[in-house]
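Shown next: data_5.txt, given as compact mmCIF, C-alpha atoms.
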# COMPACT_ATOMS: atom_id res chain seq x y z
CA PRO A 217 -33.79 10.03 -29.08
CA VAL A 218 -32.33 8.52 -25.90
CA ILE A 219 -28.81 9.71 -26.75
CA VAL A 220 -30.12 13.15 -27.70
CA GLU A 221 -31.97 13.32 -24.39
CA GLU A 222 -28.77 12.41 -22.54
CA TYR A 223 -27.00 15.33 -24.22
CA ALA A 224 -29.92 17.61 -23.42
CA ASN A 225 -29.78 16.60 -19.76
CA HIS A 226 -26.06 17.30 -19.77
CA LEU A 227 -26.62 20.80 -21.14
CA ASP A 228 -29.37 21.38 -18.58
CA ALA A 229 -26.94 20.36 -15.84
CA ILE A 230 -24.39 22.87 -17.15
CA GLN A 231 -26.99 25.64 -16.97
CA VAL A 232 -27.98 24.69 -13.42
CA THR A 233 -24.32 24.55 -12.41
CA ASP A 234 -23.76 28.01 -13.85
CA GLU A 235 -26.65 29.34 -11.79
CA LYS A 236 -25.37 27.65 -8.62
CA VAL A 237 -21.86 29.01 -9.07
CA GLY A 238 -23.32 32.46 -9.65
CA GLY A 239 -25.20 32.13 -6.38
CA LEU A 240 -22.01 31.24 -4.51
CA ILE A 241 -20.24 34.28 -5.93
CA ASP A 242 -23.20 36.48 -4.99
CA ASN A 243 -22.98 35.18 -1.41
CA LEU A 244 -19.26 35.92 -1.28
CA ARG A 245 -19.98 39.43 -2.50
CA LYS A 246 -22.78 39.99 0.04
CA ASN A 247 -20.48 38.88 2.86
CA ASN A 248 -17.62 41.14 1.70
CA LEU A 249 -15.44 38.12 0.99
CA LEU A 250 -15.21 38.25 -2.80
CA ASN A 251 -12.17 40.53 -2.98
CA ASN A 252 -10.27 38.05 -0.85
CA THR A 253 -11.26 35.02 -2.93
CA ILE A 254 -9.77 33.09 -5.84
CA VAL A 255 -12.27 30.71 -7.44
CA PHE A 256 -11.16 27.48 -9.14
CA PHE A 257 -13.99 25.88 -11.11
CA PHE A 258 -13.44 22.44 -12.63
CA SER A 259 -15.18 19.09 -13.02
CA ASP A 260 -14.01 15.58 -12.26
CA HIS A 261 -14.58 14.00 -15.68
CA GLY A 262 -16.42 14.33 -18.98
CA MET A 263 -20.07 13.59 -19.52
CA ARG A 264 -21.60 10.19 -18.83
CA LEU A 265 -21.51 8.73 -22.32
CA THR A 266 -19.81 5.82 -24.08
CA ARG A 267 -16.03 6.43 -24.37
CA ASN A 268 -16.26 9.41 -22.00
CA LYS A 269 -16.63 9.03 -18.24
CA GLN A 270 -14.18 6.48 -16.77
CA PHE A 271 -12.21 6.20 -20.01
CA LEU A 272 -9.06 7.91 -21.29
CA TYR A 273 -10.33 9.52 -24.47
CA ASP A 274 -10.56 13.30 -24.41
CA GLY A 275 -14.31 13.09 -23.89
CA GLY A 276 -13.57 11.72 -20.43
CA LEU A 277 -10.35 13.56 -19.60
CA HIS A 278 -10.82 17.07 -20.98
CA VAL A 279 -12.64 19.04 -18.30
CA PRO A 280 -13.27 22.76 -17.78
CA LEU A 281 -10.88 24.78 -15.64
CA ILE A 282 -11.91 28.37 -14.95
CA ILE A 283 -9.90 30.48 -12.51
CA ALA A 284 -11.34 33.79 -11.31
CA ASP A 285 -8.88 35.84 -9.27
CA PHE A 286 -10.94 38.48 -7.48
CA THR A 287 -7.86 39.38 -5.39
CA LYS A 288 -5.88 40.41 -8.50
CA ARG A 289 -2.75 38.95 -6.94
CA ILE A 290 -1.90 36.42 -9.68
CA GLU A 291 0.17 38.40 -12.16
CA LYS A 292 0.14 35.66 -14.78
CA LEU A 293 -3.68 35.56 -14.86
CA SER A 294 -5.35 38.14 -17.10
CA PRO A 295 -9.16 38.47 -16.90
CA GLY A 296 -11.09 37.14 -19.88
CA THR A 297 -8.18 35.23 -21.41
CA SER A 298 -7.70 31.54 -22.17
CA ASN A 299 -4.82 29.34 -23.23
CA GLU A 300 -4.13 25.85 -24.52
CA ASP A 301 -1.68 24.73 -21.81
CA LEU A 302 -1.80 21.07 -20.85
CA ILE A 303 -2.77 20.94 -17.18
CA SER A 304 -3.12 17.91 -14.93
CA GLY A 305 -5.38 17.78 -11.91
CA LEU A 306 -2.19 17.14 -9.95
CA ASP A 307 -1.12 20.71 -10.76
CA LEU A 308 -3.89 22.28 -8.70
CA GLY A 309 -2.29 21.41 -5.36
CA PRO A 310 1.11 23.05 -6.01
CA SER A 311 -0.58 25.99 -7.74
CA THR A 312 -2.83 26.83 -4.80
CA LEU A 313 0.06 26.40 -2.35
CA SER A 314 2.09 28.91 -4.36
CA ILE A 315 -0.74 31.46 -4.22
CA ALA A 316 -0.84 31.08 -0.45
CA GLY A 317 2.92 31.52 -0.21
CA ILE A 318 3.43 27.99 1.10
CA PRO A 319 6.52 26.09 -0.10
CA ILE A 320 5.68 23.26 -2.50
CA PRO A 321 6.90 19.89 -1.13
CA GLU A 322 9.41 18.15 -3.38
CA TYR A 323 7.39 14.94 -3.33
CA MET A 324 4.44 16.57 -5.12
CA GLU A 325 4.28 15.43 -8.73
CA GLY A 326 2.24 18.40 -9.95
CA LYS A 327 3.57 21.72 -11.19
CA ASN A 328 2.75 25.33 -10.35
CA ILE A 329 0.72 26.55 -13.33
CA PHE A 330 1.39 30.16 -12.31
CA GLY A 331 5.16 29.70 -12.23
CA ASP A 332 7.42 31.35 -14.81
CA SER A 333 8.80 27.99 -15.91
CA PHE A 334 5.50 26.09 -16.23
CA ASP A 335 5.58 23.94 -19.34
CA ARG A 336 3.87 20.56 -19.33
CA GLU A 337 4.72 18.46 -22.37
CA TYR A 338 2.21 15.73 -21.65
CA VAL A 339 -0.37 14.47 -19.16
CA ILE A 340 -0.45 10.90 -17.87
CA SER A 341 -3.90 9.47 -17.13
CA THR A 342 -5.01 6.17 -15.65
CA ARG A 343 -8.00 3.87 -15.36
CA ASP A 344 -7.96 1.03 -12.87
CA ARG A 345 -10.86 -0.44 -10.90
CA CYS A 346 -13.94 1.76 -11.23
CA ASP A 347 -16.39 0.66 -8.56
CA PHE A 348 -16.44 -3.12 -9.11
CA THR A 349 -15.15 -3.06 -12.71
CA ILE A 350 -11.49 -4.12 -12.80
CA ASP A 351 -9.45 -2.72 -15.65
CA ARG A 352 -6.06 -1.18 -16.35
CA ILE A 353 -5.55 1.50 -18.99
CA ARG A 354 -2.83 4.16 -19.21
CA SER A 355 -2.51 7.12 -21.56
CA VAL A 356 -0.03 9.82 -22.51
CA ARG A 357 -1.53 13.01 -23.92
CA SER A 358 0.54 15.75 -25.56
CA LYS A 359 -0.88 18.65 -27.52
CA LYS A 360 -0.65 16.66 -30.75
CA TYR A 361 -0.88 12.97 -29.86
CA LYS A 362 -2.70 10.63 -27.51
CA TYR A 363 -1.18 7.23 -26.74
CA ILE A 364 -3.34 4.64 -24.94
CA ARG A 365 -2.21 1.27 -23.62
CA ASN A 366 -4.84 -1.36 -22.77
CA PHE A 367 -3.35 -3.94 -20.42
CA MET A 368 -6.45 -6.15 -20.17
CA THR A 369 -7.26 -6.77 -23.81
CA ASP A 370 -9.20 -9.91 -22.92
CA ARG A 371 -11.88 -7.72 -21.32
CA PRO A 372 -14.21 -5.68 -23.54
CA TYR A 373 -14.51 -1.94 -23.14
CA THR A 374 -18.13 -2.53 -22.20
CA GLN A 375 -17.68 -5.03 -19.39
CA PRO A 376 -20.37 -4.43 -16.75
CA THR A 377 -20.13 -1.14 -14.86
CA TYR A 378 -22.22 0.80 -12.35
CA MET A 379 -24.30 2.07 -15.29
CA ASP A 380 -25.57 -1.47 -15.92
CA PHE A 381 -26.43 -1.77 -12.22
CA ASP A 382 -28.29 1.56 -12.35
CA LYS A 383 -29.93 0.55 -15.67
CA VAL A 384 -28.84 3.78 -17.37
CA GLU A 385 -31.05 3.98 -20.46
CA PHE A 386 -28.49 5.01 -23.06
CA VAL A 387 -26.26 2.06 -22.10
CA THR A 388 -29.17 -0.34 -22.63
CA VAL A 389 -29.90 1.29 -25.99
CA MET A 390 -26.27 1.04 -27.14
CA HIS A 391 -26.13 -2.67 -26.29
CA LYS A 392 -29.41 -3.26 -28.11
CA LEU A 393 -28.20 -1.40 -31.21
CA HIS A 394 -25.00 -3.44 -31.16
CA ASP A 395 -26.85 -6.74 -30.78
CA ASN A 396 -29.17 -5.84 -33.69
CA ASN A 397 -26.30 -4.69 -35.96
CA LYS A 398 -27.69 -1.15 -36.10
CA LEU A 399 -24.35 0.62 -35.50
CA ASN A 400 -21.88 1.56 -38.19
CA GLU A 401 -18.25 0.41 -38.00
CA VAL A 402 -17.02 3.41 -36.03
CA GLN A 403 -19.97 3.44 -33.63
CA ASP A 404 -19.70 -0.30 -33.04
CA ARG A 405 -15.96 -0.37 -32.42
CA PHE A 406 -16.24 0.46 -28.73
CA MET A 407 -19.12 -1.99 -28.24
CA SER A 408 -17.18 -4.89 -29.74
CA ASP A 409 -14.20 -6.89 -28.53
CA PRO A 410 -11.34 -7.53 -28.46
CA ARG A 411 -9.83 -4.12 -27.92
CA PRO A 412 -6.35 -3.25 -29.19
CA ALA A 413 -3.31 -3.36 -26.93
CA GLU A 414 -2.26 0.09 -28.10
CA GLU A 415 -3.94 3.14 -29.56
CA LEU A 416 -2.34 6.25 -31.06
CA TYR A 417 -4.25 9.29 -32.29
CA ASN A 418 -3.21 12.49 -34.04
CA LEU A 419 -5.42 14.91 -32.14
CA GLU A 420 -4.87 17.78 -34.56
CA ASP A 421 -6.30 15.77 -37.47
CA ASP A 422 -8.53 13.45 -35.46
CA PRO A 423 -9.86 15.22 -32.34
CA PHE A 424 -12.53 12.55 -31.71
CA GLU A 425 -9.89 9.78 -31.61
CA ILE A 426 -11.38 7.56 -34.30
CA ASN A 427 -8.39 6.63 -36.52
CA ASN A 428 -6.00 4.43 -34.53
CA LEU A 429 -2.48 4.92 -35.90
CA ALA A 430 -0.75 2.34 -33.70
CA ASN A 431 -0.30 -0.06 -36.62
CA ASP A 432 0.51 2.63 -39.19
CA THR A 433 4.22 2.40 -40.06
CA ASN A 434 4.25 6.13 -40.85
CA PHE A 435 3.90 6.76 -37.10
CA THR A 436 6.30 4.14 -35.75
CA SER A 437 8.67 6.74 -34.29
CA GLU A 438 5.82 8.47 -32.43
CA LEU A 439 4.57 5.12 -31.14
CA VAL A 440 8.02 4.20 -29.81
CA GLN A 441 8.45 7.65 -28.25
CA TYR A 442 5.17 7.53 -26.34
CA ARG A 443 5.70 3.93 -25.29
CA GLY A 444 8.96 5.06 -23.72
CA ILE A 445 7.31 7.97 -21.90
CA LEU A 446 4.72 5.65 -20.38
CA ASP A 447 7.27 2.95 -19.50
CA ASP A 448 9.41 5.53 -17.70
CA TRP A 449 6.40 6.86 -15.79
CA ILE A 450 5.37 3.37 -14.70
CA ALA A 451 8.89 2.66 -13.44
CA ASN A 452 9.51 6.05 -11.81
CA THR A 453 6.18 6.17 -9.95
CA ASN A 454 6.05 2.46 -9.11
CA ASP A 455 2.62 2.44 -10.76
CA GLN A 456 0.39 0.55 -8.33
CA GLY A 457 -1.79 -0.76 -11.14
CA GLN A 458 0.87 -3.33 -11.96
CA TYR A 459 0.20 -5.14 -8.67
CA PRO A 460 -2.85 -7.22 -7.66
CA GLU A 461 -5.40 -5.32 -5.61
CA ASN A 462 -5.60 -6.24 -1.94
CA GLU A 463 -8.27 -8.64 -0.78
CA GLU A 464 -10.06 -6.21 1.53
CA ASN A 465 -10.87 -3.83 -1.32
CA LEU A 466 -12.19 -6.66 -3.48
CA LYS A 467 -14.26 -8.05 -0.60
CA LEU A 468 -15.94 -4.67 -0.20
CA MET A 469 -16.77 -4.46 -3.92
CA LEU A 470 -18.14 -8.00 -3.99
CA GLY A 471 -20.25 -7.27 -0.93
CA ILE A 472 -21.71 -4.10 -2.42
CA TRP A 473 -22.18 -5.12 -6.06
CA GLY A 474 -22.79 -8.86 -5.82
CA GLU A 475 -23.52 -10.61 -9.12
CA TYR A 476 -22.34 -7.61 -11.13
CA ALA A 477 -18.75 -8.22 -9.97
CA ILE A 478 -17.92 -10.70 -12.73
CA ASN A 479 -14.16 -10.22 -13.10
CA PRO A 480 -12.11 -13.36 -12.36
CA GLU A 481 -10.40 -11.63 -9.42
CA TYR A 482 -13.64 -12.05 -7.47
CA GLU A 483 -14.03 -15.80 -7.96
CA PRO A 484 -11.66 -16.94 -5.17
CA LEU A 485 -13.52 -14.63 -2.78
CA ARG A 486 -16.88 -16.16 -3.68
CA GLY A 487 -15.57 -19.53 -2.57
CA LYS A 488 -13.81 -18.16 0.49
CA TYR A 489 -16.73 -15.98 1.64
CA PRO A 490 -19.89 -17.69 0.31
CA ASN A 491 -22.32 -15.33 2.06
CA LEU A 492 -20.57 -12.09 1.09
CA SER A 493 -21.83 -11.46 -2.46
CA GLY A 494 -24.41 -8.68 -2.35
CA ALA A 495 -24.56 -8.63 1.45
CA LEU A 496 -23.43 -4.99 1.59
CA THR A 497 -25.68 -3.60 -1.14
CA TYR A 498 -27.08 -1.05 1.32
CA LEU A 499 -23.74 0.78 1.11
CA LYS A 500 -24.60 1.58 -2.50
CA SER A 501 -27.31 3.98 -1.26
CA GLU A 502 -27.00 7.68 -1.93
CA PRO A 503 -25.09 9.40 0.91
CA SER A 504 -28.19 11.45 1.75
CA GLN A 505 -30.10 8.24 2.44
CA LEU A 506 -27.51 7.13 4.98
CA ILE A 507 -27.73 10.31 7.07
CA ASP A 508 -29.78 10.20 10.24
CA GLU A 509 -32.34 12.97 9.81
CA ASN A 510 -32.69 13.21 13.60
CA ILE A 511 -29.12 14.44 14.11
CA THR A 512 -29.21 17.91 15.65
CA GLU A 513 -25.49 18.55 16.14
CA GLU A 514 -24.11 22.01 15.42
CA PRO A 515 -22.33 22.48 12.06
CA LEU A 516 -18.62 21.70 12.03
CA PHE A 517 -17.66 25.25 11.04
CA GLU A 518 -19.14 28.69 10.60
CA LEU A 519 -18.04 32.11 9.41
CA ARG A 520 -16.67 33.95 12.43
CA ASP A 521 -17.15 37.70 12.52
CA ASP A 522 -13.74 38.23 14.11
CA VAL A 523 -12.03 36.42 11.22
CA TYR A 524 -14.22 37.61 8.35
CA PRO A 525 -15.63 40.96 9.49
CA LYS A 526 -18.66 42.09 7.53

Translate the structure described by the file into structure tokens.
Amino acid sequence: PVIVEEYANHLDAIQVTDEKVGGLIDNLRKNNLLNNTIVFFFSDHGMRLTRNKQFLYDGGLHVPLIIADFTKRIEKLSPGTSNEDLISGLDLGPSTLSIAGIPIPEYMEGKNIFGDSFDREYVISTRDRCDFTIDRIRSVRSKKYKYIRNFMTDRPYTQPTYMDFDKVEFVTVMHKLHDNNKLNEVQDRFMSDPRPAEELYNLEDDPFEINNLANDTNFTSELVQYRGILDDWIANTNDQGQYPENEENLKLMLGIWGEYAINPEYEPLRGKYPNLSGALTYLKSEPSQLIDENITEEPLFELRDDVYPK
């Protein structure tokens, strides 16, 4: 029931989001701004469930992207249509610059999704430190295959995260089911350790990424191909995950999260700064709780009539 309730809450949130977005569009229409607006709607990650948020399975990476061009200036965009193009979040920057007629800097890694030559063969995704949880995972996702490389195989998938700190109920339930041997082999795989160094999934046959083909000799050529793609990306981008994180970042995490920061990278800091652990927990507060309600300053911006005449 707890997992079902989590899904129900997720669906409720989608409905509320739909209503909020509708309200924004109504406001644009009322202020005669809609015909000069292009709306990009997307989310930052998948739903907050095991193997989804903060991980590199499609449940965490595959997010909605809806583009509504009320200006009718994007020739490549037909109302009411959809496609299966692979798009990275990095593509949004160059794409919006192109709409505005601004040259795309050469250093930008993303591509213009509205360009005539747009064709993304694969998307690279990464997981490093999430809050206080130190990890390193990389993935390559094409339309047919997903390759995942776990660099820290000595650490379980379920090492402590912010959800343990917040005592998220479904996480507690999953740990309890695992401890009581109530999960089947597939369900328990993510809750157990060690994790494999490599994972390879045929997404056409296995969209939920259950059957790891990394050790299947029938897919050796695909495994070698995707290894090479990731190795090249790591080298060409000087992937920062291959280097130790700087001390200041780790000090901040130890100060905020205290005893939950159990990774070995924090141990030298505990000895070096004995009074730091948990001393900055107040920074974990919701942003709204850190705002001084007595502030009466004017808003930073407003709609000017001379720029946006009604």

Using only C-alpha atoms, find each residue in region 333-401 of chain A having at least one atom no more than 12 Å away from region 442-451 of chain A; report its shortest atom-to-atom pair and that distance in Å (one decimal), rows by chain then rising number, as JSON lines.
{"residue": "A:Glu337", "atom": "CA", "partner": "A:Ile445", "partner_atom": "CA", "distance": 10.8}
{"residue": "A:Tyr338", "atom": "CA", "partner": "A:Ile445", "partner_atom": "CA", "distance": 9.3}
{"residue": "A:Val339", "atom": "CA", "partner": "A:Leu446", "partner_atom": "CA", "distance": 10.3}
{"residue": "A:Ile340", "atom": "CA", "partner": "A:Leu446", "partner_atom": "CA", "distance": 7.8}
{"residue": "A:Ser341", "atom": "CA", "partner": "A:Leu446", "partner_atom": "CA", "distance": 10.0}
{"residue": "A:Thr342", "atom": "CA", "partner": "A:Ile450", "partner_atom": "CA", "distance": 10.8}
{"residue": "A:Ile353", "atom": "CA", "partner": "A:Leu446", "partner_atom": "CA", "distance": 11.2}
{"residue": "A:Arg354", "atom": "CA", "partner": "A:Leu446", "partner_atom": "CA", "distance": 7.8}
{"residue": "A:Ser355", "atom": "CA", "partner": "A:Leu446", "partner_atom": "CA", "distance": 7.5}
{"residue": "A:Val356", "atom": "CA", "partner": "A:Leu446", "partner_atom": "CA", "distance": 6.7}
{"residue": "A:Arg357", "atom": "CA", "partner": "A:Tyr442", "partner_atom": "CA", "distance": 9.0}
{"residue": "A:Ser358", "atom": "CA", "partner": "A:Tyr442", "partner_atom": "CA", "distance": 9.5}
{"residue": "A:Lys360", "atom": "CA", "partner": "A:Tyr442", "partner_atom": "CA", "distance": 11.7}
{"residue": "A:Tyr361", "atom": "CA", "partner": "A:Tyr442", "partner_atom": "CA", "distance": 8.9}
{"residue": "A:Lys362", "atom": "CA", "partner": "A:Tyr442", "partner_atom": "CA", "distance": 8.5}
{"residue": "A:Tyr363", "atom": "CA", "partner": "A:Tyr442", "partner_atom": "CA", "distance": 6.4}
{"residue": "A:Ile364", "atom": "CA", "partner": "A:Arg443", "partner_atom": "CA", "distance": 9.1}
{"residue": "A:Arg365", "atom": "CA", "partner": "A:Arg443", "partner_atom": "CA", "distance": 8.5}

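Candidate residues A:Val440, A:Leu429, A:Ile472, A:Ala477 were compared for distance to Ala495 (chain A), and the nearest is A:Ile472, using all atoms listed in the file.
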
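The space between CA of Ile303 (chain A) and CA of Arg336 (chain A) spans 7.0 Å.
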
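Going from CA of Leu306 (chain A) over to CA of Asn328 (chain A), you cover 9.6 Å.
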
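Separating CA of Glu483 (chain A) from CA of Thr374 (chain A) is a distance of 19.9 Å.
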
List the spatial neighbours of region 294-296 of chain A as a PyMOL selection string - criterion: any atom at most 9 Å away, all atoms listed in the file, same-chain residues fewer than 4 positions off excluded. chain A and resi 284-285+288+290

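Ranking A:Met379, A:Ala224, A:Leu416, A:Leu308 by their shortest atom-to-atom distance to Gln270 (chain A), with all atoms listed in the file included, puts A:Met379 first.
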
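Considering the residues A:Ile478, A:Ala413, A:Ile282, A:Leu470 and counting all atoms listed in the file, Pro376 (chain A) has its shortest atom-to-atom contact with A:Ile478.
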
Please identify all polymer residues within 12 Å of Pro321 (chain A), counting only C-alpha atoms, omitting same-chain residues fewer than 6 positions from it, and present them as number ranges by chain. A: 309-311, 313-314, 327-328

Please identify all polymer residues within 8 Å of Tyr373 (chain A), counting only C-alpha atoms, omitting same-chain residues fewer than 3 positions from it, and present them as a PyMOL selection string. chain A and resi 406-409+411

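The closest residue to Arg343 (chain A), picked from A:Thr453, A:Asn465, A:Ser298, A:Asn268 and counting all atoms listed in the file, is A:Asn268.
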